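Asks: Just model.cif, nothing more (mmCIF, C-alpha atoms):
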data_structure
#
loop_
_atom_site.group_PDB
_atom_site.id
_atom_site.type_symbol
_atom_site.label_atom_id
_atom_site.label_comp_id
_atom_site.auth_asym_id
_atom_site.auth_seq_id
_atom_site.Cartn_x
_atom_site.Cartn_y
_atom_site.Cartn_z
ATOM 1 C CA VAL A 167 123.055 92.119 96.015
ATOM 2 C CA THR A 168 119.591 91.598 97.521
ATOM 3 C CA SER A 169 121.043 90.071 100.672
ATOM 4 C CA ALA A 170 123.239 93.165 101.144
ATOM 5 C CA VAL A 171 120.155 95.382 100.929
ATOM 6 C CA VAL A 172 118.371 93.135 103.437
ATOM 7 C CA ARG A 173 121.324 93.348 105.843
ATOM 8 C CA GLY A 174 121.318 97.154 105.577
ATOM 9 C CA SER A 175 117.599 97.532 106.147
ATOM 10 C CA LYS A 176 116.032 97.695 109.576
ATOM 11 C CA GLU A 177 112.328 98.025 108.774
ATOM 12 C CA ALA A 178 111.632 98.201 105.023
ATOM 13 C CA LEU A 179 109.981 95.436 103.076
ATOM 14 C CA ILE A 180 112.555 94.258 100.557
ATOM 15 C CA VAL A 181 111.025 93.016 97.312
ATOM 16 C CA ALA A 182 113.390 90.969 95.151
ATOM 17 C CA ASP A 183 112.947 91.169 91.374
ATOM 18 C CA MET A 184 112.793 87.604 90.015
ATOM 19 C CA PRO A 185 115.395 87.352 87.221
ATOM 20 C CA PHE A 186 114.472 86.747 83.597
ATOM 21 C CA MET A 187 113.666 83.061 82.913
ATOM 22 C CA SER A 188 113.592 82.186 86.618
ATOM 23 C CA TYR A 189 109.787 81.856 86.561
ATOM 24 C CA GLN A 190 108.594 81.846 82.945
ATOM 25 C CA SER A 191 109.347 78.238 81.945
ATOM 26 C CA SER A 192 107.136 76.380 84.446
ATOM 27 C CA ILE A 193 105.283 76.679 87.722
ATOM 28 C CA ASP A 194 107.610 74.120 89.318
ATOM 29 C CA LYS A 195 110.697 76.148 88.345
ATOM 30 C CA ALA A 196 109.021 79.347 89.508
ATOM 31 C CA LEU A 197 108.219 77.842 92.917
ATOM 32 C CA GLU A 198 111.707 76.413 93.311
ATOM 33 C CA ASN A 199 113.423 79.650 92.280
ATOM 34 C CA ALA A 200 111.169 81.924 94.345
ATOM 35 C CA GLY A 201 111.816 79.747 97.404
ATOM 36 C CA LYS A 202 115.584 79.766 96.842
ATOM 37 C CA PHE A 203 115.570 83.510 96.207
ATOM 38 C CA ILE A 204 113.711 84.285 99.442
ATOM 39 C CA LYS A 205 115.754 81.799 101.480
ATOM 40 C CA LYS A 206 119.166 82.940 100.225
ATOM 41 C CA SER A 207 118.516 86.682 100.010
ATOM 42 C CA GLY A 208 116.291 87.192 103.036
ATOM 43 C CA ALA A 209 113.891 89.347 101.013
ATOM 44 C CA GLY A 210 110.297 89.573 102.186
ATOM 45 C CA ALA A 211 108.648 89.231 98.770
ATOM 46 C CA VAL A 212 109.336 88.660 95.078
ATOM 47 C CA LYS A 213 108.294 90.705 92.041
ATOM 48 C CA LEU A 214 107.241 89.166 88.737
ATOM 49 C CA GLU A 215 106.744 90.953 85.434
ATOM 50 C CA GLY A 216 103.653 90.111 83.429
ATOM 51 C CA GLY A 217 99.893 90.194 83.488
ATOM 52 C CA THR A 218 97.360 87.515 82.718
ATOM 53 C CA GLU A 219 100.089 85.280 81.300
ATOM 54 C CA VAL A 220 101.757 84.888 84.726
ATOM 55 C CA CYS A 221 98.689 84.832 86.988
ATOM 56 C CA ASN A 222 98.882 81.051 87.472
ATOM 57 C CA ILE A 223 102.509 81.481 88.569
ATOM 58 C CA ILE A 224 101.629 84.350 90.915
ATOM 59 C CA SER A 225 98.866 82.353 92.601
ATOM 60 C CA SER A 226 101.106 79.288 92.933
ATOM 61 C CA ILE A 227 103.884 81.298 94.603
ATOM 62 C CA VAL A 228 101.406 83.066 96.905
ATOM 63 C CA ASN A 229 99.852 79.697 97.829
ATOM 64 C CA ILE A 230 103.177 78.435 99.188
ATOM 65 C CA GLY A 231 103.483 81.490 101.415
ATOM 66 C CA ILE A 232 105.666 83.886 99.440
ATOM 67 C CA PRO A 233 104.228 87.377 98.909
ATOM 68 C CA VAL A 234 104.256 88.536 95.255
ATOM 69 C CA MET A 235 104.291 92.021 93.780
ATOM 70 C CA GLY A 236 103.127 92.250 90.156
ATOM 71 C CA HIS A 237 104.636 94.421 87.425
ATOM 72 C CA ILE A 238 102.668 95.453 84.327
ATOM 73 C CA GLY A 239 102.874 98.008 81.545
ATOM 74 C CA LEU A 240 106.444 98.467 80.350
ATOM 75 C CA LYS A 241 108.262 95.290 81.328
ATOM 76 C CA PRO A 242 112.053 95.757 81.147
ATOM 77 C CA GLN A 243 112.765 92.014 81.042
ATOM 78 C CA SER A 244 110.830 91.715 77.788
ATOM 79 C CA PHE A 245 111.294 95.169 76.272
ATOM 80 C CA HIS A 246 112.376 93.674 72.931
ATOM 81 C CA GLN A 247 108.832 92.350 72.438
ATOM 82 C CA THR A 248 107.441 95.862 72.740
ATOM 83 C CA SER A 249 110.022 97.618 70.535
ATOM 84 C CA GLY A 250 112.057 99.087 73.358
ATOM 85 C CA TYR A 251 111.414 101.358 76.290
ATOM 86 C CA LYS A 252 108.229 102.979 75.023
ATOM 87 C CA ILE A 253 105.077 104.038 76.830
ATOM 88 C CA GLN A 254 102.619 101.134 76.862
ATOM 89 C CA GLY A 255 98.831 101.344 76.805
ATOM 90 C CA LYS A 256 98.433 104.335 74.494
ATOM 91 C CA SER A 257 95.827 102.672 72.261
ATOM 92 C CA ILE A 258 92.397 101.716 73.616
ATOM 93 C CA ASN A 259 93.073 97.985 73.048
ATOM 94 C CA ASP A 260 96.458 98.147 74.792
ATOM 95 C CA ALA A 261 95.005 100.151 77.705
ATOM 96 C CA GLU A 262 92.183 97.615 78.112
ATOM 97 C CA LYS A 263 94.750 94.775 78.148
ATOM 98 C CA ILE A 264 96.790 96.515 80.860
ATOM 99 C CA MET A 265 93.621 97.179 82.889
ATOM 100 C CA LEU A 266 92.703 93.485 82.616
ATOM 101 C CA ASP A 267 96.261 92.566 83.628
ATOM 102 C CA ALA A 268 95.954 94.687 86.790
ATOM 103 C CA ILE A 269 92.646 93.134 87.790
ATOM 104 C CA GLU A 270 93.837 89.578 87.120
ATOM 105 C CA VAL A 271 97.177 90.084 88.931
ATOM 106 C CA GLN A 272 95.204 91.284 91.955
ATOM 107 C CA LYS A 273 92.868 88.272 91.729
ATOM 108 C CA ALA A 274 95.911 85.969 91.518
ATOM 109 C CA GLY A 275 96.967 87.207 94.951
ATOM 110 C CA ALA A 276 99.587 89.913 94.370
ATOM 111 C CA PHE A 277 99.787 92.341 97.281
ATOM 112 C CA ALA A 278 100.747 95.318 95.053
ATOM 113 C CA ILE A 279 101.376 96.152 91.390
ATOM 114 C CA VAL A 280 104.130 98.174 89.755
ATOM 115 C CA LEU A 281 102.738 100.248 86.887
ATOM 116 C CA GLU A 282 105.636 101.159 84.620
ATOM 117 C CA GLY A 283 105.658 103.392 81.578
ATOM 118 C CA ILE A 284 101.926 103.823 81.089
ATOM 119 C CA PRO A 285 99.855 106.998 80.551
ATOM 120 C CA SER A 286 98.970 108.755 83.797
ATOM 121 C CA GLN A 287 95.238 108.562 83.045
ATOM 122 C CA LEU A 288 95.467 104.773 82.756
ATOM 123 C CA ALA A 289 97.481 104.547 85.978
ATOM 124 C CA GLU A 290 94.851 106.639 87.740
ATOM 125 C CA LYS A 291 92.042 104.413 86.442
ATOM 126 C CA ILE A 292 93.897 101.251 87.533
ATOM 127 C CA THR A 293 94.625 102.732 90.986
ATOM 128 C CA GLU A 294 90.913 103.513 91.421
ATOM 129 C CA SER A 295 89.881 100.031 90.170
ATOM 130 C CA VAL A 296 92.060 97.771 92.312
ATOM 131 C CA SER A 297 92.145 97.416 96.080
ATOM 132 C CA ILE A 298 95.895 96.737 96.317
ATOM 133 C CA PRO A 299 98.542 99.480 96.199
ATOM 134 C CA THR A 300 99.883 100.645 92.849
ATOM 135 C CA ILE A 301 103.491 101.750 92.608
ATOM 136 C CA GLY A 302 104.318 103.972 89.642
ATOM 137 C CA ILE A 303 107.470 104.327 87.643
ATOM 138 C CA GLY A 304 106.899 106.806 84.860
ATOM 139 C CA ALA A 305 103.129 106.371 85.302
ATOM 140 C CA GLY A 306 102.132 109.765 86.680
ATOM 141 C CA PRO A 307 101.269 111.059 90.144
ATOM 142 C CA SER A 308 98.060 109.115 90.851
ATOM 143 C CA CYS A 309 99.650 105.851 91.997
ATOM 144 C CA ASP A 310 99.758 104.989 95.686
ATOM 145 C CA GLY A 311 103.574 105.119 95.675
ATOM 146 C CA GLN A 312 106.481 105.924 93.375
ATOM 147 C CA ILE A 313 109.724 104.200 92.399
ATOM 148 C CA GLN A 314 112.754 106.270 91.539
ATOM 149 C CA VAL A 315 115.483 104.308 89.788
ATOM 150 C CA PHE A 316 118.955 105.081 91.130
ATOM 151 C CA HIS A 317 120.407 105.474 87.617
ATOM 152 C CA ASP A 318 117.600 107.851 86.632
ATOM 153 C CA ILE A 319 118.026 110.010 89.738
ATOM 154 C CA LEU A 320 121.776 110.369 89.183
ATOM 155 C CA GLY A 321 121.501 110.748 85.406
ATOM 156 C CA LEU A 322 123.558 107.627 84.725
ATOM 157 C CA PHE A 323 122.393 107.154 81.148
ATOM 158 C CA ASP A 324 123.920 108.211 77.893
ATOM 159 C CA THR A 325 121.803 107.428 74.833
ATOM 160 C CA PHE A 326 118.309 107.150 76.311
ATOM 161 C CA ILE A 327 116.839 109.708 78.709
ATOM 162 C CA PRO A 328 113.579 108.527 80.318
ATOM 163 C CA LYS A 329 110.733 111.049 80.027
ATOM 164 C CA HIS A 330 109.977 110.823 83.746
ATOM 165 C CA THR A 331 113.427 112.038 84.785
ATOM 166 C CA LYS A 332 115.666 115.038 84.247
ATOM 167 C CA GLN A 333 119.335 115.028 83.385
ATOM 168 C CA PHE A 334 121.104 117.634 85.525
ATOM 169 C CA ALA A 335 124.735 116.899 84.679
#
As structure tokens, what does this structure read like?
Replies:
Amino acid sequence: VTSAVVRGSKEALIVADMPFMSYQSSIDKALENAGKFIKKSGAGAVKLEGGTEVCNIISSIVNIGIPVMGHIGLKPQSFHQTSGYKIQGKSINDAEKIMLDAIEVQKAGAFAIVLEGIPSQLAEKITESVSIPTIGIGAGPSCDGQIQVFHDILGLFDTFIPKHTKQFA
């Protein structure tokens, strides 16, 4: 699918979302899979979910020449660990952890960070605290950019309606 997007794009940076368990088991596997993903898909960068726990992987991938976008807050690949698709960072301890994640992901070499499903005040504070772009998805208007999920825009959900979207039909 990523290669089809790459073929259809003339100028956009295509960031490929590393699949679940393609980078979590070891740095060697992460490097191998990121390299294969970029080579086969033609994407310009990869995206990894996680904060401090994946910073060593982020820096290793960046060090071999592959740009990495981070993804913190609500992490869809591990939503079972956080009891589903719920806003993250509502408590002071959780917000501090997400803030630390943002700073450490930047230090690891990520060129941008997706902030998903966090309170808008936390997203604003993170955006002010880091020097790389923040891209929000359900994180309020203060991020440097916004993601709109195709399924959310078209209302292609039945049992769960995200708070950051409207169902028109």
Asks: Give me the result of the PyMOL selection byres ((chain A and resi 297) around 10) on this file, residue by residue, as a PyMOL selection string.
Replies: chain A and resi 269+272+277-278+292-296+298-300
Asks: For the provided coordinates, the residues matched by the PyMOL selection byres ((chain A and resi 217-222) around 12) should be stated as a ChimeraX atom specification.
Replies: /A:189-194,196-197,213-216,223-229,234-241,262-276,279-281
Asks: Could those selected residues go to a file with C-alpha atoms, as a compact mmCIF listing (two decimals), in the frame of the given file?
Replies:
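Below is the file result-v9.txt, written as the result:
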# COMPACT_ATOMS: atom_id res chain seq x y z
CA TYR A 189 109.79 81.86 86.56
CA GLN A 190 108.59 81.85 82.94
CA SER A 191 109.35 78.24 81.94
CA SER A 192 107.14 76.38 84.45
CA ILE A 193 105.28 76.68 87.72
CA ASP A 194 107.61 74.12 89.32
CA ALA A 196 109.02 79.35 89.51
CA LEU A 197 108.22 77.84 92.92
CA LYS A 213 108.29 90.70 92.04
CA LEU A 214 107.24 89.17 88.74
CA GLU A 215 106.74 90.95 85.43
CA GLY A 216 103.65 90.11 83.43
CA ILE A 223 102.51 81.48 88.57
CA ILE A 224 101.63 84.35 90.92
CA SER A 225 98.87 82.35 92.60
CA SER A 226 101.11 79.29 92.93
CA ILE A 227 103.88 81.30 94.60
CA VAL A 228 101.41 83.07 96.90
CA ASN A 229 99.85 79.70 97.83
CA VAL A 234 104.26 88.54 95.26
CA MET A 235 104.29 92.02 93.78
CA GLY A 236 103.13 92.25 90.16
CA HIS A 237 104.64 94.42 87.42
CA ILE A 238 102.67 95.45 84.33
CA GLY A 239 102.87 98.01 81.54
CA LEU A 240 106.44 98.47 80.35
CA LYS A 241 108.26 95.29 81.33
CA GLU A 262 92.18 97.62 78.11
CA LYS A 263 94.75 94.78 78.15
CA ILE A 264 96.79 96.52 80.86
CA MET A 265 93.62 97.18 82.89
CA LEU A 266 92.70 93.48 82.62
CA ASP A 267 96.26 92.57 83.63
CA ALA A 268 95.95 94.69 86.79
CA ILE A 269 92.65 93.13 87.79
CA GLU A 270 93.84 89.58 87.12
CA VAL A 271 97.18 90.08 88.93
CA GLN A 272 95.20 91.28 91.96
CA LYS A 273 92.87 88.27 91.73
CA ALA A 274 95.91 85.97 91.52
CA GLY A 275 96.97 87.21 94.95
CA ALA A 276 99.59 89.91 94.37
CA ILE A 279 101.38 96.15 91.39
CA VAL A 280 104.13 98.17 89.76
CA LEU A 281 102.74 100.25 86.89
Asks: What does the PyMOL selection byres ((chain A and resi 168) around 10) select in this file, as a ChimeraX atom specification?
Replies: /A:167,169-174,180-183,203-204,206-209
Asks: Show me, as a compact mmCIF listing (two decimals) with C-alpha atoms, in the coordinates of the input, the residues that have an atom within 7 Å of Ala289 in chain A when counting only C-alpha atoms, minus same-chain residues fewer than 6 positions from it.
Replies:
# COMPACT_ATOMS: atom_id res chain seq x y z
CA LEU A 281 102.74 100.25 86.89
CA ALA A 305 103.13 106.37 85.30
CA SER A 308 98.06 109.12 90.85
CA CYS A 309 99.65 105.85 92.00
Asks: Using only C-alpha atoms, pick whichever of A:Gly304, A:Gly321, A:Pro233, A:Gly210 has the shortest atom-to-atom distance to Lys252 in chain A.
Replies: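 Among the listed residues, the smallest separation from Lys252 in chain A belongs to A:Gly304.
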Asks: Quick one, how far is CA of Leu179 in chain A from CA of Pro242 in chain A?
Replies: 22.0 Å
Asks: If I take CA of Ile303 in chain A and CA of Ser175 in chain A, how far is one from the other in Å, to one decimal?
Replies: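 These atoms are spaced 22.2 Å apart.
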Asks: Between A:Leu288, A:Gly283, A:Lys205, A:Phe316, which has the minimum distance to Gly302 in chain A (counting only C-alpha atoms)?
Replies: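 Going through A:Leu288, A:Gly283, A:Lys205, A:Phe316 one by one, the smallest distance to Gly302 in chain A is for A:Gly283.
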Asks: Mind pulling up the distance from CA of Gln314 in chain A to CA of Gln287 in chain A?
Replies: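 Interatomic distance, CA of Gln287 in chain A to CA of Gln314 in chain A: 19.6 Å.
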Asks: Which residue gives the smallest distance to Glu290 in chain A among A:Ala261, A:Ala178, A:Ala200, A:Val212, with only C-alpha atoms counted?
Replies: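 Selected residue with least distance to Glu290 in chain A: A:Ala261.
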Asks: Kindly indicate which residue among A:Ile258, A:Pro185, A:Ile284, A:Lys202 lies nearest to Gln243 in chain A, using all atoms listed in the file for the distances.
Replies: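 Of A:Ile258, A:Pro185, A:Ile284, A:Lys202, the one nearest Gln243 in chain A is A:Pro185, counting all atoms listed in the file.
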Asks: Can you take the partial range 308-319 of chain A, add all heavy atoms, and return it as an mmCIF file, in the coordinates of the input?
Replies:
data_model
loop_
_atom_site.group_PDB
_atom_site.id
_atom_site.type_symbol
_atom_site.label_atom_id
_atom_site.label_comp_id
_atom_site.auth_asym_id
_atom_site.auth_seq_id
_atom_site.Cartn_x
_atom_site.Cartn_y
_atom_site.Cartn_z
ATOM 1 N N SER A 308 99.251 109.648 90.193
ATOM 2 C CA SER A 308 98.060 109.115 90.851
ATOM 3 C C SER A 308 98.237 107.741 91.485
ATOM 4 O O SER A 308 97.296 107.221 92.073
ATOM 5 C CB SER A 308 96.895 109.054 89.852
ATOM 6 O OG SER A 308 96.570 110.351 89.430
ATOM 7 N N CYS A 309 99.404 107.154 91.359
ATOM 8 C CA CYS A 309 99.650 105.851 91.997
ATOM 9 C C CYS A 309 99.778 106.040 93.507
ATOM 10 O O CYS A 309 100.004 107.144 93.990
ATOM 11 C CB CYS A 309 100.919 105.221 91.426
ATOM 12 S SG CYS A 309 100.786 104.834 89.663
ATOM 13 N N ASP A 310 99.657 104.931 94.227
ATOM 14 C CA ASP A 310 99.758 104.989 95.686
ATOM 15 C C ASP A 310 101.185 105.230 96.170
ATOM 16 O O ASP A 310 101.394 105.692 97.289
ATOM 17 C CB ASP A 310 99.227 103.685 96.295
ATOM 18 C CG ASP A 310 97.754 103.478 95.972
ATOM 19 O OD1 ASP A 310 96.952 104.392 96.231
ATOM 20 O OD2 ASP A 310 97.410 102.389 95.463
ATOM 21 N N GLY A 311 102.169 104.907 95.347
ATOM 22 C CA GLY A 311 103.574 105.119 95.675
ATOM 23 C C GLY A 311 104.367 105.301 94.398
ATOM 24 O O GLY A 311 103.849 105.113 93.299
ATOM 25 N N GLN A 312 105.623 105.676 94.534
ATOM 26 C CA GLN A 312 106.481 105.924 93.375
ATOM 27 C C GLN A 312 107.821 105.228 93.552
ATOM 28 O O GLN A 312 108.345 105.142 94.658
ATOM 29 C CB GLN A 312 106.740 107.431 93.201
ATOM 30 C CG GLN A 312 105.503 108.254 92.935
ATOM 31 C CD GLN A 312 104.904 108.009 91.560
ATOM 32 O OE1 GLN A 312 105.605 107.755 90.592
ATOM 33 N NE2 GLN A 312 103.585 108.082 91.481
ATOM 34 N N ILE A 313 108.363 104.742 92.444
ATOM 35 C CA ILE A 313 109.724 104.200 92.399
ATOM 36 C C ILE A 313 110.591 105.220 91.685
ATOM 37 O O ILE A 313 110.195 105.772 90.666
ATOM 38 C CB ILE A 313 109.779 102.866 91.618
ATOM 39 C CG1 ILE A 313 109.053 101.767 92.374
ATOM 40 C CG2 ILE A 313 111.229 102.459 91.327
ATOM 41 C CD1 ILE A 313 108.943 100.460 91.609
ATOM 42 N N GLN A 314 111.753 105.463 92.226
ATOM 43 C CA GLN A 314 112.754 106.270 91.539
ATOM 44 C C GLN A 314 113.978 105.391 91.349
ATOM 45 O O GLN A 314 114.560 104.912 92.317
ATOM 46 C CB GLN A 314 113.107 107.522 92.351
ATOM 47 C CG GLN A 314 111.981 108.525 92.420
ATOM 48 C CD GLN A 314 111.598 109.054 91.043
ATOM 49 O OE1 GLN A 314 112.443 109.398 90.231
ATOM 50 N NE2 GLN A 314 110.300 109.100 90.783
ATOM 51 N N VAL A 315 114.341 105.159 90.105
ATOM 52 C CA VAL A 315 115.483 104.308 89.788
ATOM 53 C C VAL A 315 116.777 105.090 90.041
ATOM 54 O O VAL A 315 116.916 106.233 89.586
ATOM 55 C CB VAL A 315 115.407 103.818 88.324
ATOM 56 C CG1 VAL A 315 116.638 103.001 87.955
ATOM 57 C CG2 VAL A 315 114.137 103.003 88.113
ATOM 58 N N PHE A 316 117.677 104.477 90.759
ATOM 59 C CA PHE A 316 118.955 105.081 91.130
ATOM 60 C C PHE A 316 119.649 105.710 89.920
ATOM 61 O O PHE A 316 120.094 106.854 89.969
ATOM 62 C CB PHE A 316 119.831 103.985 91.770
ATOM 63 C CG PHE A 316 121.217 104.412 92.126
ATOM 64 C CD1 PHE A 316 121.434 105.168 93.266
ATOM 65 C CD2 PHE A 316 122.299 104.052 91.345
ATOM 66 C CE1 PHE A 316 122.714 105.569 93.609
ATOM 67 C CE2 PHE A 316 123.585 104.443 91.685
ATOM 68 C CZ PHE A 316 123.790 105.203 92.821
ATOM 69 N N HIS A 317 119.729 104.968 88.816
ATOM 70 C CA HIS A 317 120.407 105.474 87.617
ATOM 71 C C HIS A 317 119.693 106.693 87.039
ATOM 72 O O HIS A 317 120.332 107.607 86.523
ATOM 73 C CB HIS A 317 120.507 104.372 86.557
ATOM 74 C CG HIS A 317 121.472 103.303 86.918
ATOM 75 N ND1 HIS A 317 121.191 102.344 87.870
ATOM 76 C CD2 HIS A 317 122.715 103.045 86.468
ATOM 77 C CE1 HIS A 317 122.224 101.540 87.987
ATOM 78 N NE2 HIS A 317 123.167 101.936 87.147
ATOM 79 N N ASP A 318 118.364 106.702 87.134
ATOM 80 C CA ASP A 318 117.600 107.851 86.632
ATOM 81 C C ASP A 318 117.832 109.081 87.504
ATOM 82 O O ASP A 318 118.006 110.190 86.997
ATOM 83 C CB ASP A 318 116.108 107.528 86.591
ATOM 84 C CG ASP A 318 115.749 106.442 85.601
ATOM 85 O OD1 ASP A 318 116.611 106.070 84.767
ATOM 86 O OD2 ASP A 318 114.610 105.942 85.659
ATOM 87 N N ILE A 319 117.836 108.892 88.812
ATOM 88 C CA ILE A 319 118.026 110.010 89.738
ATOM 89 C C ILE A 319 119.396 110.666 89.522
ATOM 90 O O ILE A 319 119.519 111.886 89.512
ATOM 91 C CB ILE A 319 117.901 109.537 91.202
ATOM 92 C CG1 ILE A 319 116.457 109.147 91.500
ATOM 93 C CG2 ILE A 319 118.362 110.620 92.173
ATOM 94 C CD1 ILE A 319 116.273 108.461 92.842
#
